[in-house]
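protein14.txt, holding compact mmCIF, C-alpha atoms:
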```
# COMPACT_ATOMS: atom_id res chain seq x y z
CA ASP V 23 3.70 -7.84 31.94
CA GLY V 24 1.11 -8.62 29.36
CA VAL V 25 0.31 -5.03 28.48
CA ASP V 26 2.10 -1.70 28.76
CA ASN V 27 -0.64 -0.46 31.11
CA TRP V 28 0.85 3.02 31.37
CA VAL V 29 -1.74 4.33 33.81
CA ILE V 30 0.46 6.15 36.32
CA GLY V 31 2.17 9.53 36.34
CA LYS V 32 3.86 10.74 33.20
CA LEU V 33 3.36 7.36 31.55
CA THR V 34 -0.32 8.18 30.90
CA GLN V 35 0.79 10.52 28.11
CA LEU V 36 2.70 7.65 26.48
CA GLN V 37 -0.38 5.42 26.68
CA ARG V 38 -2.47 7.98 24.82
CA GLY V 39 0.11 8.09 22.03
CA GLN V 40 0.21 4.32 21.47
CA ALA V 41 -0.79 2.96 18.05
CA LEU V 42 -2.98 0.46 19.90
CA GLY V 43 -5.25 2.07 22.50
CA PHE V 44 -5.53 0.79 26.05
CA ASP V 45 -8.86 -1.01 25.50
CA ALA V 46 -7.61 -2.77 22.36
CA GLU V 47 -4.31 -3.65 24.04
CA ARG V 48 -6.14 -5.20 26.97
CA LEU V 49 -8.60 -7.12 24.76
CA LEU V 50 -5.76 -8.53 22.68
CA PHE V 51 -3.93 -9.69 25.82
CA GLU V 52 -7.09 -11.27 27.26
CA ASP V 53 -7.64 -13.12 23.98
CA TRP V 54 -4.08 -14.50 24.09
CA ILE V 55 -4.57 -15.68 27.67
CA SER V 56 -7.91 -17.35 26.84
CA MET V 57 -6.06 -19.46 24.24
CA ILE V 58 -3.37 -20.67 26.66
CA ALA V 59 -5.20 -20.61 30.02
CA PRO V 60 -5.85 -24.38 30.11
CA LYS V 61 -2.10 -24.98 29.58
CA LEU V 62 -0.77 -22.52 32.17
CA ILE V 63 0.99 -23.98 35.18
CA ALA V 64 2.16 -20.79 36.91
CA TRP V 65 1.62 -17.04 36.67
CA VAL V 66 3.54 -14.22 38.33
CA ASP V 67 2.41 -10.63 37.92
CA GLY V 68 4.78 -7.95 36.65
CA ASN V 69 5.29 -4.35 37.66
CA HIS V 70 3.05 -3.04 34.85
CA ASP V 71 0.32 -5.42 36.02
CA ALA V 72 0.67 -4.14 39.57
CA TRP V 73 0.00 -0.51 38.65
CA THR V 74 -3.76 -1.06 38.24
CA GLU V 75 -3.95 -2.81 41.59
CA LYS V 76 -2.00 -0.01 43.26
CA LEU V 77 -4.28 2.63 41.76
CA VAL V 78 -7.71 1.09 42.21
CA GLY V 79 -7.22 -2.03 44.36
CA ILE V 80 -8.20 -4.51 41.64
CA ASN V 81 -5.92 -7.06 40.03
CA PRO V 82 -7.10 -7.20 36.40
CA ASN V 83 -5.35 -10.51 35.72
CA ARG V 84 -6.97 -12.66 38.40
CA PRO V 85 -10.24 -13.18 36.43
CA LEU V 86 -8.18 -14.33 33.43
CA LEU V 87 -7.06 -17.35 35.46
CA ASP V 88 -10.60 -18.63 36.15
CA LYS V 89 -10.19 -21.29 33.45
CA ALA V 90 -6.62 -22.12 34.41
CA HIS V 91 -5.41 -24.56 37.02
CA ALA V 92 -2.26 -22.55 37.63
CA LEU V 93 -0.27 -21.37 40.59
CA TRP V 94 -0.46 -17.61 40.99
CA ASP V 95 1.43 -15.07 43.06
CA ARG V 96 2.20 -11.37 42.79
CA ASN V 97 5.92 -11.97 43.28
CA GLN V 98 7.16 -15.55 43.05
CA CYS V 99 6.05 -19.11 42.32
CA ALA V 100 8.27 -22.00 43.40
CA PHE V 101 7.22 -25.53 42.53
CA GLU V 102 8.32 -28.94 41.31
CA LEU V 103 7.52 -29.88 37.74
CA HIS V 104 7.04 -33.62 37.24
CA HIS V 105 7.45 -34.63 33.59
CA CYS V 106 7.98 -38.13 32.17
CA GLY V 107 9.45 -39.45 35.42
CA TYR V 108 11.77 -36.45 35.95
CA THR V 109 11.41 -33.76 38.56
CA ARG V 110 12.63 -30.21 38.01
CA ARG V 111 12.48 -27.56 40.70
CA MET V 112 11.40 -24.21 39.27
CA VAL V 113 11.26 -20.66 40.55
CA ILE V 114 9.51 -17.91 38.62
CA ARG V 115 9.85 -14.23 39.50
CA HIS V 116 9.13 -11.17 37.41
CA LYS V 117 12.28 -9.37 38.54
CA TRP V 118 15.28 -10.85 40.35
CA ARG V 119 17.73 -9.09 42.67
CA TYR V 120 21.41 -8.77 41.78
CA SER V 121 20.89 -7.97 38.12
CA SER V 122 23.89 -6.92 36.05
CA VAL V 123 24.37 -4.73 33.01
CA PHE V 124 27.01 -7.20 31.79
CA ASN V 125 24.98 -10.41 32.09
CA PRO V 126 21.17 -10.13 31.86
CA THR V 127 20.63 -13.49 33.63
CA HIS V 128 23.10 -12.75 36.45
CA GLY V 129 20.35 -12.17 39.02
CA LEU V 130 18.75 -15.52 38.25
CA GLN V 131 22.06 -17.35 38.46
CA VAL V 132 23.27 -15.84 41.73
CA GLY V 133 19.76 -16.10 43.14
CA TRP V 134 20.52 -19.79 43.46
CA GLU V 135 23.51 -19.05 45.70
CA ARG V 136 22.16 -16.04 47.61
CA GLY V 137 18.55 -17.07 47.94
CA ASP V 138 16.92 -19.74 50.02
CA LEU V 139 15.62 -21.96 47.20
CA ASP V 140 17.38 -24.77 45.37
CA TYR V 141 16.15 -24.82 41.77
CA ASP V 142 16.93 -26.36 38.42
CA ILE V 143 15.21 -23.71 36.32
CA ALA V 144 14.85 -20.04 37.19
CA VAL V 145 12.60 -17.84 35.08
CA GLY V 146 12.50 -14.06 35.12
CA GLY V 147 11.14 -11.22 33.03
CA HIS V 148 11.02 -7.43 33.27
CA THR V 149 13.41 -6.69 30.41
CA HIS V 150 12.92 -5.56 26.84
CA ILE V 151 15.29 -8.09 25.33
CA GLY V 152 14.66 -11.28 23.39
CA THR V 153 14.39 -14.48 25.46
CA MET V 154 17.75 -15.85 26.56
CA CYS V 155 18.94 -18.81 28.56
CA HIS V 156 22.22 -19.35 30.36
CA THR V 157 23.12 -22.83 31.47
CA PHE V 158 25.18 -23.06 34.64
CA TYR V 159 26.26 -25.85 36.98
CA ARG V 160 25.82 -26.08 40.74
CA HIS V 161 26.48 -29.20 42.80
CA ASN V 162 27.06 -31.30 39.67
CA ARG V 163 23.66 -30.47 38.20
CA ILE V 164 22.73 -28.52 35.11
CA ARG V 165 20.73 -25.39 35.96
CA HIS V 166 19.03 -22.94 33.61
CA ALA V 167 18.54 -19.21 34.06
CA ILE V 168 15.87 -18.14 31.58
CA LEU V 169 15.03 -14.51 31.02
CA THR V 170 11.78 -14.33 29.13
CA GLY V 171 11.74 -11.81 26.33
CA THR V 172 9.46 -9.13 25.19
CA TYR V 173 6.50 -10.12 23.06
CA LYS V 174 7.33 -7.17 20.81
CA LYS V 175 9.16 -7.71 17.54
CA ILE V 176 9.91 -3.97 17.45
CA ASP V 177 10.57 -2.20 20.75
CA PRO V 178 11.63 1.45 20.40
CA PHE V 179 12.25 1.77 24.16
CA GLY V 180 14.53 -1.27 24.22
CA GLU V 181 16.41 -0.01 21.18
CA GLU V 182 16.71 3.49 22.66
CA ILE V 183 18.44 2.28 25.80
CA GLY V 184 20.48 -0.40 24.03
CA PHE V 185 18.95 -3.67 25.27
CA PRO V 186 20.30 -6.63 23.30
CA ARG V 187 17.92 -8.46 20.99
CA PRO V 188 19.30 -11.94 20.30
CA LYS V 189 18.74 -12.72 16.63
CA GLY V 190 15.96 -10.13 16.59
CA ARG V 191 13.52 -12.56 18.20
CA GLY V 192 11.12 -12.20 21.07
CA ALA V 193 9.96 -15.41 22.74
CA GLY V 194 11.90 -18.66 23.22
CA ALA V 195 11.35 -22.03 24.88
CA LEU V 196 13.09 -24.65 27.00
CA VAL V 197 12.09 -28.00 25.50
CA LEU V 198 11.95 -30.86 28.02
CA ASP V 199 12.33 -34.18 26.23
CA VAL V 200 10.73 -37.44 27.41
CA ASN V 201 14.21 -38.93 28.06
CA GLY V 202 15.12 -36.09 30.46
CA ASP V 203 17.17 -34.04 27.99
CA GLN V 204 16.68 -30.29 27.85
CA MET V 205 17.24 -27.99 24.90
CA PHE V 206 16.77 -24.24 24.77
CA CYS V 207 15.53 -22.61 21.55
CA ASP V 208 15.62 -18.84 21.28
CA ASP V 209 12.64 -18.76 18.92
CA LEU V 210 9.31 -20.57 19.07
CA SER V 211 9.29 -21.83 15.48
CA THR V 212 12.50 -23.80 16.09
CA ALA V 213 11.11 -25.11 19.39
CA ALA V 214 7.91 -26.26 17.65
```
Please express what this file holds, its structure, as structure tokens.
Amino acid sequence: DGVDNWVIGKLTQLQRGQALGFDAERLLFEDWISMIAPKLIAWVDGNHDAWTEKLVGINPNRPLLDKAHALWDRNQCAFELHHCGYTRRMVIRHKWRYSSVFNPTHGLQVGWERGDLDYDIAVGGHTHIGTMCHTFYRHNRIRHAILTGTYKKIDPFGEEIGFPRPKGRGAGALVLDVNGDQMFCDDLSTAA
């Protein structure tokens, strides 16, 4: 979800009360995407993105990918990432089944066992927490369950319902080294 996009039901009242109006919110998001579009490798829509398509039959994000050579799907992208002689199987979904209030990445981890895809790195979203990564092992291989965080530094909704905010940060990164090592950083400045 790149924007709040509160265009359905009672949420429309929330959208009108935002400090940043809908048009400005959308323009800001489109500007961000124009900066990273050539580097994108995969894109999965979120539930907020889907609301516009459900209402008017148009996916507002598809035109943003014109300059990207990225995989796209409404629900899930599964692919192999080849990097410096190493292959990593990845699955990206916006929301995973089997989530847990006790472990935010639980759905991603058990998705490996209960799903039909073997993956090294699972990526999910949908939450209002800072990015987190849990490393787990299956069949003698290191696996990563990465829950991407909110782009918001301050999130009143997340605070209201008690979502954890690791170190008060939003985005993080899994750094893939040329020698095959992997290191997760829960903030982008450390990753850089």
Point-to-point distance in Å for CA of Ala72 (chain V) and CA of Gly43 (chain V):
19.1 Å
What does the structure give for the distance between CA of Asp95 (chain V) and CA of Asp203 (chain V), in Å to one decimal?
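Rounded to one decimal, the two atoms are 28.9 Å apart.
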For each of V:Arg160, V:Arg115, V:Ile30, V:Leu86, take the minimum atom-to-atom distance to Trp54 (chain V), counting all atoms listed in the file, then give the residue where this is smallest.
V:Leu86
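CA of Pro85 (chain V) is positioned 28.3 Å from CA of Ile151 (chain V).
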For Ala92 (chain V): contacts at 8 Å, only C-alpha atoms, fewer than 4 positions along chain excluded, given as number ranges by chain
V: 62-65, 87
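The environment of Trp118 (chain V) within 7 Å, counting all atoms listed in the file and disregarding residues fewer than 2 places along the same chain, consists of Arg115, His116, Tyr120, Ser121, Gly129, Leu130 and Gly146 of chain V.
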Find the residues around region 76-83 of chain V up to 12 Å (only C-alpha atoms counted), leave out those fewer than 2 positions away in its own chain, and share them as a PyMOL selection string.
chain V and resi 23-25+27-31+48-49+51-52+55-56+59+65-74+85-88+90+94-96
So that I can see what lies close to Ser211 (chain V), please list as number ranges by chain the residues with an atom at most 10 Å from it, counting only C-alpha atoms and leaving out residues fewer than 4 positions away in the same chain.
V: 193-195, 207
From the options V:Thr34, V:Thr149, V:Asn201, V:Thr127, which residue's atoms come nearest to Ile168 (chain V), counting all atoms listed in the file?
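Nearest candidate to Ile168 (chain V) out of V:Thr34, V:Thr149, V:Asn201, V:Thr127: V:Thr127.
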Distance query Met154 (chain V) at most 7 Å, all atoms listed in the file, self and fewer than 6 positions along chain excluded, as a VMD selection string:
chain V and resid 168 to 170 208
With only C-alpha atoms as the basis for distance, which of V:His91, V:Gly171, V:Arg136, V:Ala213 is at the shortest distance from Lys61 (chain V)?
V:His91
Rebuild region 132-143 of chain V to all heavy atoms - output it as a short mmCIF file (atom, residue, chain, number, x, y, z; two decimals), in the frame of the given file, please.
```cif
data_model
loop_
_atom_site.label_atom_id
_atom_site.label_comp_id
_atom_site.auth_asym_id
_atom_site.auth_seq_id
_atom_site.Cartn_x
_atom_site.Cartn_y
_atom_site.Cartn_z
N VAL V 132 22.80 -15.99 40.35
CA VAL V 132 23.27 -15.84 41.73
C VAL V 132 22.14 -15.94 42.73
O VAL V 132 22.37 -16.13 43.91
CB VAL V 132 24.06 -14.51 41.93
CG1 VAL V 132 25.27 -14.46 41.04
CG2 VAL V 132 23.18 -13.30 41.76
N GLY V 133 20.90 -15.86 42.25
CA GLY V 133 19.76 -16.10 43.14
C GLY V 133 19.80 -17.49 43.73
O GLY V 133 19.35 -17.74 44.83
N TRP V 134 20.38 -18.42 42.96
CA TRP V 134 20.52 -19.79 43.46
C TRP V 134 21.44 -19.81 44.67
O TRP V 134 21.18 -20.50 45.66
CB TRP V 134 21.09 -20.69 42.35
CG TRP V 134 21.00 -22.14 42.66
CD1 TRP V 134 20.00 -22.99 42.29
CD2 TRP V 134 21.92 -22.91 43.43
NE1 TRP V 134 20.24 -24.25 42.78
CE2 TRP V 134 21.43 -24.23 43.49
CE3 TRP V 134 23.12 -22.63 44.08
CZ2 TRP V 134 22.07 -25.25 44.16
CZ3 TRP V 134 23.76 -23.65 44.75
CH2 TRP V 134 23.24 -24.94 44.78
N GLU V 135 22.53 -19.05 44.62
CA GLU V 135 23.51 -19.05 45.70
C GLU V 135 23.09 -18.16 46.86
O GLU V 135 23.35 -18.48 48.02
CB GLU V 135 24.86 -18.57 45.17
CG GLU V 135 25.43 -19.48 44.11
CD GLU V 135 26.43 -18.78 43.21
OE1 GLU V 135 26.51 -17.54 43.23
OE2 GLU V 135 27.12 -19.49 42.47
N ARG V 136 22.47 -17.02 46.57
CA ARG V 136 22.16 -16.04 47.61
C ARG V 136 20.76 -16.16 48.16
O ARG V 136 20.44 -15.55 49.17
CB ARG V 136 22.36 -14.63 47.04
CG ARG V 136 23.78 -14.37 46.65
CD ARG V 136 23.94 -13.01 46.04
NE ARG V 136 25.33 -12.80 45.63
CZ ARG V 136 25.74 -11.78 44.94
NH1 ARG V 136 24.90 -10.84 44.56
NH2 ARG V 136 27.01 -11.67 44.60
N GLY V 137 19.92 -16.91 47.48
CA GLY V 137 18.55 -17.07 47.94
C GLY V 137 18.40 -18.26 48.85
O GLY V 137 19.38 -18.84 49.30
N ASP V 138 17.17 -18.62 49.11
CA ASP V 138 16.92 -19.74 50.02
C ASP V 138 16.25 -20.92 49.31
O ASP V 138 15.74 -21.82 49.95
CB ASP V 138 16.07 -19.29 51.20
CG ASP V 138 14.73 -18.70 50.78
OD1 ASP V 138 14.50 -18.53 49.56
OD2 ASP V 138 13.91 -18.40 51.67
N LEU V 139 16.26 -20.89 47.96
CA LEU V 139 15.62 -21.96 47.20
C LEU V 139 16.63 -22.66 46.29
O LEU V 139 17.42 -22.02 45.61
CB LEU V 139 14.49 -21.40 46.34
CG LEU V 139 13.30 -20.81 47.09
CD1 LEU V 139 12.37 -20.09 46.13
CD2 LEU V 139 12.55 -21.90 47.84
N ASP V 140 16.58 -23.97 46.29
CA ASP V 140 17.38 -24.77 45.37
C ASP V 140 16.51 -25.01 44.14
O ASP V 140 15.40 -25.51 44.25
CB ASP V 140 17.74 -26.09 46.04
CG ASP V 140 18.52 -27.03 45.14
OD1 ASP V 140 18.98 -26.59 44.07
OD2 ASP V 140 18.65 -28.21 45.50
N TYR V 141 16.97 -24.63 42.97
CA TYR V 141 16.15 -24.82 41.77
C TYR V 141 17.00 -25.29 40.60
O TYR V 141 18.20 -25.09 40.55
CB TYR V 141 15.40 -23.54 41.41
CG TYR V 141 16.26 -22.31 41.27
CD1 TYR V 141 16.99 -22.07 40.11
CD2 TYR V 141 16.33 -21.38 42.30
CE1 TYR V 141 17.78 -20.93 39.99
CE2 TYR V 141 17.12 -20.25 42.18
CZ TYR V 141 17.83 -20.03 41.02
OH TYR V 141 18.60 -18.90 40.90
N ASP V 142 16.31 -25.93 39.67
CA ASP V 142 16.93 -26.36 38.42
C ASP V 142 16.72 -25.33 37.32
O ASP V 142 17.57 -25.15 36.46
CB ASP V 142 16.33 -27.70 37.97
CG ASP V 142 16.53 -28.80 39.00
OD1 ASP V 142 17.69 -29.04 39.37
OD2 ASP V 142 15.53 -29.39 39.45
N ILE V 143 15.56 -24.69 37.34
CA ILE V 143 15.21 -23.71 36.32
C ILE V 143 14.68 -22.46 37.00
O ILE V 143 13.72 -22.51 37.78
CB ILE V 143 14.14 -24.27 35.36
CG1 ILE V 143 14.64 -25.57 34.70
CG2 ILE V 143 13.76 -23.24 34.31
CD1 ILE V 143 13.57 -26.35 33.96
#
```
